[in-house]
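This is my_file-v3.txt. It holds compact mmCIF, C-alpha atoms.
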```
# COMPACT_ATOMS: atom_id res chain seq x y z
CA MET U 164 207.29 78.42 -61.24
CA HIS U 165 208.61 81.86 -62.08
CA ARG U 166 206.27 84.79 -62.65
CA THR U 167 206.69 87.96 -64.68
CA ASP U 168 206.65 91.60 -63.61
CA LEU U 169 203.31 93.35 -63.92
CA THR U 170 202.35 95.50 -66.87
CA SER U 171 201.52 99.16 -66.33
CA ASP U 172 197.80 98.43 -66.62
CA GLN U 173 198.04 95.65 -64.04
CA LEU U 174 199.98 97.92 -61.68
CA LEU U 175 197.42 100.70 -61.99
CA ALA U 176 194.60 98.26 -61.28
CA ILE U 177 196.34 97.04 -58.10
CA ILE U 178 197.17 100.57 -56.92
CA PHE U 179 193.62 101.89 -57.42
CA ASP U 180 192.11 98.78 -55.82
CA TYR U 181 194.24 99.02 -52.69
CA MET U 182 194.01 102.82 -52.48
CA ALA U 183 190.22 102.52 -52.27
CA LYS U 184 190.43 99.80 -49.60
CA ILE U 185 193.06 101.55 -47.45
CA THR U 186 191.37 104.96 -47.62
CA GLY U 187 188.11 103.58 -46.23
CA GLU U 188 189.72 101.55 -43.43
CA THR U 189 189.93 102.58 -39.75
CA SER U 190 191.39 99.39 -38.25
CA LEU U 191 195.16 99.53 -37.83
CA ASP U 192 195.62 95.77 -38.25
CA ARG U 193 193.55 95.68 -41.44
CA VAL U 194 195.44 98.67 -42.92
CA LEU U 195 198.73 96.89 -42.22
CA VAL U 196 197.46 93.71 -43.91
CA LEU U 197 196.36 95.71 -46.96
CA MET U 198 199.72 97.49 -47.09
CA ALA U 199 201.60 94.18 -46.97
CA ASN U 200 199.42 92.64 -49.66
CA MET U 201 199.72 95.70 -51.90
CA GLY U 202 203.52 95.73 -51.65
CA ARG U 203 203.79 92.00 -52.34
CA GLU U 204 201.58 92.18 -55.42
CA MET U 205 203.13 95.33 -56.89
CA ILE U 206 206.70 94.03 -57.03
CA VAL U 207 205.90 90.29 -57.36
CA ALA U 208 207.50 89.24 -54.08
CA ASP U 209 206.91 86.08 -52.07
CA ARG U 210 206.38 87.90 -48.79
CA CYS U 211 206.02 91.44 -47.56
CA THR U 212 206.32 92.77 -44.02
CA VAL U 213 205.24 96.15 -42.63
CA TRP U 214 207.47 97.29 -39.75
CA LEU U 215 206.54 99.99 -37.24
CA ILE U 216 208.57 101.83 -34.59
CA ASP U 217 207.84 101.36 -30.88
CA GLU U 218 209.37 104.55 -29.45
CA ILE U 219 208.73 103.60 -25.82
CA ARG U 220 210.42 100.19 -25.96
CA GLN U 221 212.97 101.29 -28.56
CA GLU U 222 212.05 98.39 -30.79
CA LEU U 223 210.92 97.71 -34.33
CA TYR U 224 207.97 95.37 -34.60
CA THR U 225 205.56 93.86 -37.08
CA THR U 226 202.11 92.47 -36.40
CA VAL U 227 201.70 91.67 -40.11
CA ALA U 228 204.29 89.55 -41.85
CA HIS U 229 203.36 86.96 -44.46
CA GLY U 230 204.03 83.52 -43.04
CA VAL U 231 205.07 84.53 -39.52
CA LYS U 232 203.61 85.93 -36.29
CA GLU U 233 204.63 89.17 -34.56
CA ILE U 234 208.36 89.87 -34.60
CA ARG U 235 210.20 92.38 -32.40
CA ILE U 236 213.82 93.45 -32.82
CA PRO U 237 215.94 96.17 -31.17
CA ALA U 238 215.78 99.54 -32.91
CA GLY U 239 218.68 99.93 -35.32
CA SER U 240 219.24 96.21 -35.80
CA GLY U 241 218.92 94.17 -38.97
CA VAL U 242 218.39 95.43 -42.49
CA VAL U 243 215.14 97.15 -41.55
CA GLY U 244 216.85 98.92 -38.63
CA HIS U 245 219.56 100.17 -40.96
CA ALA U 246 217.02 101.44 -43.52
CA ILE U 247 215.00 103.26 -40.87
CA ALA U 248 218.10 104.74 -39.19
CA THR U 249 219.54 106.05 -42.48
CA GLY U 250 216.24 106.85 -44.19
CA GLU U 251 217.54 105.12 -47.32
CA PRO U 252 216.11 102.11 -49.18
CA VAL U 253 218.17 98.92 -49.22
CA ILE U 254 218.25 96.26 -51.97
CA ILE U 255 220.05 92.99 -51.21
CA GLU U 256 220.62 90.27 -53.81
CA ASP U 257 221.97 87.64 -51.40
CA ALA U 258 220.65 88.04 -47.85
CA TYR U 259 223.06 85.53 -46.26
CA ALA U 260 226.05 87.36 -47.69
CA ASP U 261 224.96 90.60 -45.99
CA PRO U 262 226.04 90.93 -42.31
CA ARG U 263 223.00 93.11 -41.56
CA HIS U 264 220.58 90.25 -42.22
CA ASN U 265 219.46 88.39 -39.10
CA ALA U 266 219.14 84.74 -40.14
CA ASP U 267 217.79 83.58 -36.73
CA ASN U 268 214.17 83.98 -37.86
CA ASP U 269 214.88 81.87 -40.95
CA ARG U 270 216.43 79.13 -38.81
CA LYS U 271 213.38 79.13 -36.52
CA SER U 272 210.82 79.06 -39.34
CA GLY U 273 212.70 77.04 -41.94
CA TYR U 274 212.19 79.81 -44.51
CA VAL U 275 215.06 80.68 -46.85
CA THR U 276 215.55 84.38 -47.52
CA LYS U 277 217.36 85.10 -50.77
CA SER U 278 216.74 88.61 -52.10
CA MET U 279 215.33 91.49 -50.12
CA ILE U 280 214.18 95.10 -50.53
CA THR U 281 213.48 97.47 -47.63
CA ILE U 282 211.90 100.93 -47.99
CA PRO U 283 211.30 103.37 -45.08
CA PHE U 284 207.98 105.22 -45.10
CA ARG U 285 207.18 108.63 -43.63
CA ASN U 286 204.25 110.54 -42.15
CA ASN U 287 202.94 113.91 -43.32
CA ASP U 288 205.69 115.71 -41.37
CA GLY U 289 208.38 113.74 -43.14
CA SER U 290 209.30 111.68 -40.07
CA ILE U 291 210.00 107.98 -40.62
CA ILE U 292 207.35 105.85 -38.89
CA GLY U 293 208.16 102.41 -40.31
CA ALA U 294 209.30 100.43 -43.31
CA TYR U 295 208.17 98.07 -46.03
CA GLN U 296 210.25 94.92 -46.41
CA ALA U 297 209.69 92.54 -49.33
CA VAL U 298 211.44 89.19 -49.53
CA ASN U 299 212.30 86.87 -52.43
CA LYS U 300 211.50 88.14 -55.92
CA LEU U 301 209.39 85.57 -57.78
CA THR U 302 210.50 86.41 -61.32
CA GLU U 303 213.20 84.45 -63.18
CA SER U 304 216.00 86.84 -62.12
CA GLU U 305 215.04 86.36 -58.43
CA THR U 306 216.46 89.82 -57.66
CA PHE U 307 214.76 93.13 -56.99
CA THR U 308 215.41 96.01 -59.36
CA LYS U 309 215.53 99.80 -59.30
CA ARG U 310 212.01 99.74 -60.77
CA ASP U 311 210.85 97.62 -57.80
CA MET U 312 212.39 100.18 -55.47
CA GLU U 313 210.51 102.98 -57.22
CA LEU U 314 207.22 101.07 -57.09
CA LEU U 315 207.58 100.12 -53.43
CA SER U 316 208.61 103.70 -52.63
CA LEU U 317 205.39 104.88 -54.27
CA ALA U 318 203.38 102.42 -52.19
CA ALA U 319 205.31 103.44 -49.05
CA SER U 320 204.67 107.14 -49.67
CA TYR U 321 200.93 106.67 -50.04
CA ALA U 322 200.42 103.97 -47.41
CA GLY U 323 202.59 105.69 -44.80
CA LYS U 324 200.39 108.78 -44.81
CA SER U 325 197.23 106.67 -44.69
CA LEU U 326 198.68 104.68 -41.82
CA GLU U 327 199.41 107.87 -39.89
CA SER U 328 195.79 108.95 -40.34
CA VAL U 329 194.53 105.65 -38.90
CA MET U 330 197.00 105.81 -35.99
CA LEU U 331 195.92 109.38 -35.22
CA HIS U 332 192.26 108.30 -35.32
CA LEU U 333 193.00 105.49 -32.87
CA GLU U 334 194.94 107.84 -30.58
CA ILE U 335 192.00 110.27 -30.48
CA ALA U 336 189.59 107.40 -29.77
CA ASP U 337 191.83 106.07 -26.98
CA THR U 338 192.00 109.55 -25.44
CA GLN U 339 188.20 109.82 -25.53
CA ARG U 340 187.88 106.40 -23.88
CA GLU U 341 190.26 107.43 -21.10
CA ILE U 342 188.39 110.69 -20.49
CA ILE U 343 185.00 108.95 -20.51
CA SER U 344 186.14 106.22 -18.13
CA THR U 345 187.70 108.68 -15.69
CA MET U 346 184.73 111.06 -15.74
CA GLY U 347 182.35 108.13 -15.27
CA GLU U 348 184.21 107.03 -12.15
CA ILE U 349 184.19 110.60 -10.82
CA GLY U 350 180.41 110.68 -11.25
CA GLU U 351 180.01 107.43 -9.33
CA LEU U 352 182.29 108.56 -6.50
CA ARG U 353 180.03 111.58 -5.98
CA SER U 354 177.09 109.25 -5.38
CA LYS U 355 179.08 106.85 -3.19
CA GLU U 356 179.16 104.24 -5.96
CA THR U 357 182.34 102.42 -6.97
CA GLY U 358 184.43 102.56 -10.13
CA ASN U 359 183.56 98.91 -10.69
CA HIS U 360 179.90 99.87 -11.09
CA VAL U 361 180.60 101.79 -14.28
CA ARG U 362 182.96 99.07 -15.52
CA ARG U 363 180.33 96.39 -14.95
CA VAL U 364 177.62 98.44 -16.67
CA ALA U 365 179.98 98.94 -19.62
CA GLU U 366 180.64 95.20 -19.95
CA TYR U 367 176.95 94.29 -19.47
CA SER U 368 176.00 96.79 -22.19
CA TYR U 369 178.57 95.30 -24.56
CA GLU U 370 177.31 91.75 -24.02
CA LEU U 371 173.67 92.80 -24.43
CA ALA U 372 174.46 94.71 -27.63
CA LEU U 373 176.24 91.72 -29.18
CA THR U 374 173.45 89.35 -28.13
CA LEU U 375 170.95 91.67 -29.80
CA GLY U 376 172.95 91.41 -33.01
CA LEU U 377 174.48 94.90 -33.08
CA PRO U 378 177.76 95.09 -35.03
CA GLU U 379 180.86 94.63 -32.86
CA ARG U 380 181.95 98.20 -33.56
CA GLU U 381 178.63 99.63 -32.32
CA ALA U 382 178.75 97.39 -29.25
CA ASP U 383 182.24 98.71 -28.52
CA VAL U 384 181.06 102.33 -28.88
CA LEU U 385 178.31 101.63 -26.34
CA ARG U 386 180.74 99.90 -23.97
CA THR U 387 182.96 102.98 -24.10
CA ALA U 388 180.11 105.49 -23.70
CA SER U 389 178.00 103.80 -21.03
CA PRO U 390 180.27 104.71 -18.06
CA MET U 391 179.06 108.30 -18.54
CA HIS U 392 175.41 107.44 -17.86
CA ASP U 393 175.40 109.19 -14.46
CA ILE U 394 177.96 111.94 -15.15
CA GLY U 395 175.25 114.57 -14.57
CA LYS U 396 175.35 113.69 -10.87
CA VAL U 397 178.46 115.84 -10.52
CA ALA U 398 176.10 118.84 -10.44
CA ILE U 399 173.65 117.42 -7.87
CA PRO U 400 174.16 118.73 -4.28
CA ASP U 401 175.63 116.19 -1.84
CA ALA U 402 172.78 116.79 0.61
CA VAL U 403 170.32 115.46 -1.98
CA LEU U 404 172.53 112.93 -3.74
CA ASN U 405 173.54 111.11 -0.55
CA LYS U 406 170.47 111.71 1.62
CA PRO U 407 169.97 108.54 3.70
CA GLY U 408 166.20 108.80 4.05
CA LYS U 409 163.27 109.14 1.64
CA LEU U 410 163.52 111.97 -0.86
CA THR U 411 160.87 114.68 -1.09
CA ASP U 412 159.22 115.24 -4.47
CA GLU U 413 161.37 118.33 -4.95
CA GLU U 414 164.55 116.42 -4.08
CA TYR U 415 163.59 113.61 -6.47
CA ASP U 416 163.14 116.18 -9.26
CA THR U 417 166.64 117.45 -8.45
CA ILE U 418 168.05 113.93 -8.75
CA LYS U 419 166.24 113.34 -12.04
CA ALA U 420 167.89 116.45 -13.46
CA HIS U 421 171.19 114.53 -13.72
CA THR U 422 169.99 113.10 -17.05
CA LYS U 423 169.55 116.54 -18.62
CA ILE U 424 172.75 117.85 -17.07
CA GLY U 425 174.77 114.92 -18.41
CA HIS U 426 173.32 115.41 -21.88
CA GLN U 427 174.11 119.14 -21.82
CA LEU U 428 177.69 118.47 -20.71
CA LEU U 429 178.36 116.20 -23.69
CA ARG U 430 176.06 117.19 -26.53
CA GLY U 431 178.34 119.87 -28.02
CA SER U 432 180.97 117.36 -29.14
CA ARG U 433 181.16 116.10 -32.71
CA ARG U 434 183.15 113.04 -31.62
CA GLU U 435 181.28 109.75 -32.00
CA LEU U 436 182.06 108.42 -28.53
CA LEU U 437 181.08 111.60 -26.70
CA LEU U 438 177.88 111.92 -28.74
CA ALA U 439 177.00 108.34 -27.79
CA ALA U 440 177.74 109.18 -24.15
CA SER U 441 175.38 112.18 -24.33
CA ILE U 442 172.57 109.89 -25.54
CA VAL U 443 173.20 107.36 -22.78
CA ALA U 444 173.37 110.10 -20.12
CA GLU U 445 170.02 111.55 -21.15
CA GLN U 446 168.01 108.41 -21.93
CA HIS U 447 169.03 105.64 -19.53
CA HIS U 448 166.04 106.39 -17.25
CA GLU U 449 163.47 106.45 -20.04
CA LYS U 450 161.01 103.53 -19.99
CA TRP U 451 159.57 101.46 -22.80
CA ASP U 452 155.98 102.35 -21.81
CA GLY U 453 156.69 106.10 -21.76
CA SER U 454 156.62 106.54 -17.98
CA GLY U 455 160.33 107.32 -17.61
CA TYR U 456 162.24 110.61 -17.51
CA PRO U 457 163.37 113.20 -18.50
CA ASN U 458 161.34 113.31 -21.76
CA GLY U 459 158.78 110.54 -21.36
CA LEU U 460 159.99 108.83 -24.53
CA ARG U 461 158.21 105.63 -25.52
CA GLY U 462 159.32 102.44 -27.29
CA GLU U 463 161.77 102.94 -30.13
CA GLU U 464 161.72 106.71 -29.58
CA ILE U 465 164.35 105.79 -27.00
CA HIS U 466 167.75 105.25 -28.62
CA ILE U 467 168.95 101.64 -28.55
CA TYR U 468 171.95 102.77 -26.45
CA GLY U 469 169.60 104.18 -23.82
CA ARG U 470 167.43 101.06 -23.80
CA ILE U 471 170.41 98.73 -23.40
CA THR U 472 172.07 100.83 -20.69
CA ALA U 473 168.79 100.93 -18.73
CA VAL U 474 168.81 97.12 -18.47
CA ALA U 475 172.54 97.00 -17.65
CA ASP U 476 172.26 99.73 -15.00
CA VAL U 477 169.26 98.21 -13.23
CA PHE U 478 170.80 94.73 -13.27
CA ASP U 479 173.92 96.06 -11.58
CA ALA U 480 171.99 98.18 -9.08
CA LEU U 481 170.02 95.10 -7.98
CA SER U 482 172.75 92.46 -8.11
CA ALA U 483 175.59 94.36 -6.43
CA GLU U 484 175.89 94.68 -2.66
CA ARG U 485 176.10 98.17 -1.16
CA VAL U 486 176.66 99.48 2.35
CA TYR U 487 173.01 100.54 2.39
CA LYS U 488 171.49 97.37 0.88
CA ALA U 489 172.06 93.68 0.28
CA ALA U 490 172.36 92.24 -3.21
CA TRP U 491 169.15 90.74 -4.56
CA PRO U 492 169.19 86.99 -5.19
CA LEU U 493 169.26 86.12 -8.89
CA GLU U 494 165.76 84.58 -8.80
CA ARG U 495 164.27 87.85 -7.55
CA ILE U 496 166.11 89.83 -10.26
CA GLU U 497 164.84 87.47 -12.94
CA LYS U 498 161.29 87.86 -11.63
CA LEU U 499 161.54 91.66 -11.83
CA PHE U 500 162.81 91.59 -15.42
CA HIS U 501 159.98 89.26 -16.42
CA GLU U 502 157.48 91.66 -14.81
CA GLU U 503 159.01 94.77 -16.38
CA ARG U 504 159.32 93.30 -19.89
CA GLY U 505 157.33 95.69 -22.08
CA ARG U 506 156.87 98.19 -19.23
CA HIS U 507 160.21 99.51 -18.03
CA PHE U 508 162.32 97.60 -20.54
CA ASP U 509 162.33 96.87 -24.26
CA PRO U 510 160.99 93.27 -24.56
CA GLU U 511 163.67 92.33 -27.09
CA ILE U 512 166.44 93.50 -24.76
CA VAL U 513 164.92 91.59 -21.84
CA ASP U 514 164.98 88.45 -24.02
CA ALA U 515 168.64 89.15 -24.83
CA PHE U 516 169.26 89.69 -21.09
CA PHE U 517 168.03 86.20 -20.23
CA GLU U 518 169.96 84.71 -23.15
CA CYS U 519 173.30 86.10 -21.98
CA LEU U 520 172.58 86.12 -18.22
CA PRO U 521 175.25 83.48 -17.42
CA ARG U 522 177.90 85.74 -19.02
CA LEU U 523 176.57 88.77 -17.15
CA VAL U 524 176.88 86.88 -13.86
CA GLN U 525 180.47 85.98 -14.74
CA ILE U 526 181.22 89.66 -15.39
CA ARG U 527 179.57 90.63 -12.08
CA ASP U 528 181.69 88.12 -10.16
CA ARG U 529 184.91 89.06 -11.97
CA LEU U 530 184.42 92.80 -11.34
CA SER U 531 182.93 92.52 -7.85
CA ASP U 532 183.63 95.35 -5.39
```
Could you express the structure from this file as structure tokens?
Amino acid sequence: MHRTDLTSDQLLAIIFDYMAKITGETSLDRVLVLMANMGREMIVADRCTVWLIDEIRQELYTTVAHGVKEIRIPAGSGVVGHAIATGEPVIIEDAYADPRHNADNDRKSGYVTKSMITIPFRNNDGSIIGAYQAVNKLTESETFTKRDMELLSLAASYAGKSLESVMLHLEIADTQREIISTMGEIGELRSKETGNHVRRVAEYSYELALTLGLPEREADVLRTASPMHDIGKVAIPDAVLNKPGKLTDEEYDTIKAHTKIGHQLLRGSRRELLLAASIVAEQHHEKWDGSGYPNGLRGEEIHIYGRITAVADVFDALSAERVYKAAWPLERIEKLFHEERGRHFDPEIVDAFFECLPRLVQIRDRLSD
């Protein structure tokens, strides 16, 4: 059944609705879905695809295409490649009569492409970063018009800049993750630990956070930040940090200072991941009953990130074999956590620990040294 083009009021309603959704979104995949849906609704198309450029592989790809899974094509190929290469929109009334159309995907899926419109979109610098492609007009004429091109160009102009913002946000977050992971491993190497220690603690923390019911995004922030829990050890003298025998009281105070040092190294950042790392660095040795360090915080005065990392860190310290000690058997570890529930550790997190213990053991075995 044929549909009609939207009225101006209907168009405005769609534009404002999607503008609000896209502006508040930080997930690349969800922004792409919203862009595809907005384009499809605005010009009354059957399907809409959002193409992006993979500069490294010299390909065009889409992770969001109505009715199909990810598609990758060589840069410059197909109608979308032509539109991106020339920077000009393309309207096609009969796709199979146009040599630029690649009909292989239709043959694989059984879909019949008739009309098509493809619009490149640009970032804030004016560089093309992808393209909208709408397929099969659903009105009686079954062909896209100049008005459709203007509407989709409007959507492309707005959505392209929003997309760049999300991609930049993700690039910054990825850079922070890389820095945090590398610095965490440096901290462990100073204390003769292994890089796998910080990776295991990160994965344990993530599992514990999810089991506790924290949102997935918060759990991921903690997983990223927790490798920095011992970064303050970079400032502790080797003679103290790696002393084989019993520490004097003065030497123990020096070791404990790594929590304050780590916090001071990270606290100046306004970035979410580094701020979370500063909390973990300072509070992972605090204890539920207030007997921990460096600030003697008690109960929920300790940030949830610090409380979770404390459990993850102790579990790994006890369950992993080191040159200076054997790994504890699981029964002995379980006994300790039962004993320290409500003393060293938050009771709720200990309960979560036992609930997800089989998964923690799997992580330990997968990331063994």
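Note that the spacing between CA of Ser389 in chain U and CA of Glu327 in chain U amounts to 28.8 Å.
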Practice task
Just the residues within 10 Å of Cys211 in chain U, please, counting only C-alpha atoms, with nothing from its chain fewer than 6 positions along; format it as an NGL selection string.
Solution key: :U and (196 or 198-204 or 227-230 or 279-281 or 295-299)
Practice task
Find the residue from U:Ile418, U:Ile291, U:Leu410, U:Val477 that sits nearest to Lys396 in chain U; use all atoms listed in the file when measuring.
Solution key: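 The shortest atom-to-atom distance to Lys396 in chain U comes from U:Ile418.
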Handout entry: Residue among U:Arg310, U:Arg340, U:Arg263, U:Arg193 lying closest to Ala439 in chain U, counting only C-alpha atoms
Key = U:Arg340
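Take the candidates U:Leu371, U:Ile512, U:Ile219, U:Val443 and check each one against His392 in chain U using all atoms listed in the file; the shortest distance goes to U:Val443.
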Practice task
Compile the contact shell of Arg363 in chain U as a PyMOL selection string: residues with an atom at most 7 Å away, counting all atoms listed in the file, same-chain residues fewer than 3 positions apart removed.
Solution key: chain U and resi 359-360+366-367+526-527+530
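Atom to atom, CA of Pro390 in chain U and CA of Val364 in chain U stand 6.9 Å apart.
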Practice task
Could you check how far CA of Asn287 in chain U sits from CA of Glu435 in chain U, in Å to one decimal?
Solution key: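 That distance, rounded to one decimal, is 24.8 Å.
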Exercise for the section: For a cut-off of 7 Å around (205.2, 91.0, -57.8), file coordinates, pick out all residues using all atoms listed in the file and list them as number ranges by chain. Expected result: U: 168-169, 203-208, 301
Practice task
Pick out the residues sitting within 12 Å of His507 in chain U, and hand them over as a VMD selection string; count all atoms listed in the file, and ignore anything fewer than 4 positions along from it in its own chain.
Solution key: chain U and resid 447 to 456 459 to 462 465 469 to 471 473 to 474 477 499 to 503 512 to 513
Exercise for the section: Determine, counting only C-alpha atoms, which protein, DNA and RNA residues have an atom within 12 Å of an atom of Leu375 in chain U; residues of the same chain fewer than 6 positions away are not included. Present the result as a PyMOL selection string. Expected result: chain U and resi 368-369+381-382+467-468+470-471+509-519
Practice task
Name the closest residue to Ala483 in chain U among the candidates U:Ile177, U:Val361, U:Val397, U:Ala372; distances are taken between atoms, counting only C-alpha atoms.
Solution key: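 Nearest candidate to Ala483 in chain U out of U:Ile177, U:Val361, U:Val397, U:Ala372: U:Val361.
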